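Heads up, the thing below is written out as structure tokens.
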Amino acid sequence: PSDVETTPDARGVGDPPYDVLTVRHGEVAALISLIDPAKRLGTAQDLTAHAALVDAVVVHAPVLPLRFGAVMAGEVAVADELLAEHHDEFVAALERIDGKAEFLIKGRYERSAVLREIVTEDQKLARSRHTPPKACGEDLPRTSGDRSTDHRRHRGQTRHG
């Protein structure tokens, strides 16, 4: 929303970090940071500053974050080419997300604990833990003249007849 404000301690990208400026157009605003075109953009410090700004603002107002690294020619370009051109889309999107939250949940699991739980809950698996495995081909029916046993026993040997 256009009434968004930053705190005095908000820092933008760069080393040293630039201040964060607010560019307004109609009902929307963009928080921007100047950059030095001669310096590399996208350092870990820059990414952290971007994330910290988004995290600080989202507590007070809905935010449509642009992908990090979006660079425009200046404040006028942000107002005219971004905010004015997409004003109605941005207003509609901000209204849709107002009052909502986004969560990122990361989980880790301990493989042995998960496997133990699966085996405990699946009775067929639990029973198979106590049954010795069959040798390859052991459960196949045999017919007279079946030489599969001979082939297993004599693997790698030439048969002379």
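Each chain of the structure tokens is named A, B, ... in the order shown, its residues numbered from 1; ligands are numbered from 1 in display order.
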For the structure I just gave you, how does DSSP split region 9-148 of chain A - specifically, which residues are strand (DSSP E or B)? Reply as number ranges by chain.
A: 11, 19-25, 28-33
Selection to disk with C-alpha atoms, as a PDB file, in the first residue's frame:
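File produced: result32.pdb:
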ATOM      1  CA  ARG A  11      19.106  -0.738   5.198  1.00  0.00           C
ATOM      2  CA  ASP A  19      19.214   3.822   2.667  1.00  0.00           C
ATOM      3  CA  VAL A  20      15.812   2.455   1.735  1.00  0.00           C
ATOM      4  CA  LEU A  21      13.609   4.930  -0.164  1.00  0.00           C
ATOM      5  CA  THR A  22       9.848   4.826  -0.700  1.00  0.00           C
ATOM      6  CA  VAL A  23       8.495   5.493  -4.215  1.00  0.00           C
ATOM      7  CA  ARG A  24       4.719   6.015  -4.368  1.00  0.00           C
ATOM      8  CA  HIS A  25       2.155   5.961  -7.167  1.00  0.00           C
ATOM      9  CA  VAL A  28       0.869   1.400  -4.158  1.00  0.00           C
ATOM     10  CA  ALA A  29       4.454   1.992  -3.174  1.00  0.00           C
ATOM     11  CA  ALA A  30       7.824   0.372  -3.721  1.00  0.00           C
ATOM     12  CA  LEU A  31      10.668   0.236  -1.246  1.00  0.00           C
ATOM     13  CA  ILE A  32      13.896   0.633  -3.136  1.00  0.00           C
ATOM     14  CA  SER A  33      17.593   0.921  -2.522  1.00  0.00           C
TER      15      SER A  33
END
Polymer residues at most 9 Å from Leu41 (chain A), only C-alpha atoms, same-chain spacing of 6 or more positions, as a list in words
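Contacts, in chain order: Val13, Gly14, Ile35 and Gly69 of chain A.
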One-decimal distance in Å that lies between CA of Lys39 (chain A) and CA of Glu85 (chain A)
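Calculated distance between CA of Glu85 (chain A) and CA of Lys39 (chain A) is 29.1 Å.
Candidate residues A:Arg108, A:Asp15, A:Val119, A:His50 were compared for distance to Ala38 (chain A), and the nearest is A:Asp15, using only C-alpha atoms.
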Atom pair CA of Phe68 (chain A) / CA of Leu83 (chain A): separation (Å):
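If I compute the distance from CA of Phe68 (chain A) to CA of Leu83 (chain A), I get 16.9 Å.
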If I take CA of Pro17 (chain A) and CA of Thr48 (chain A), how far is one from the other in Å, to one decimal?
11.3 Å
Going by DSSP on the backbone, which bits of region 51-121 of chain A are alpha helix (DSSP H)? Write them as an NGL selection string, please.
:A and (51-58 or 75-77 or 87-97 or 111-121)
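Considering the residues A:Arg111, A:Glu102, A:Glu27, A:Val4 and counting only C-alpha atoms, Ala79 (chain A) has its shortest atom-to-atom contact with A:Glu27.
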Here is a test: counting only C-alpha atoms, which residue of A:Gly42, A:Gly107, A:Pro62, A:Gly26 is nearest to Gly12 (chain A)?
A:Gly42
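Closest to Ile97 (chain A) among A:Ala10, A:Leu34, A:Ala44, A:Leu64 is A:Leu64, based on only C-alpha atoms.
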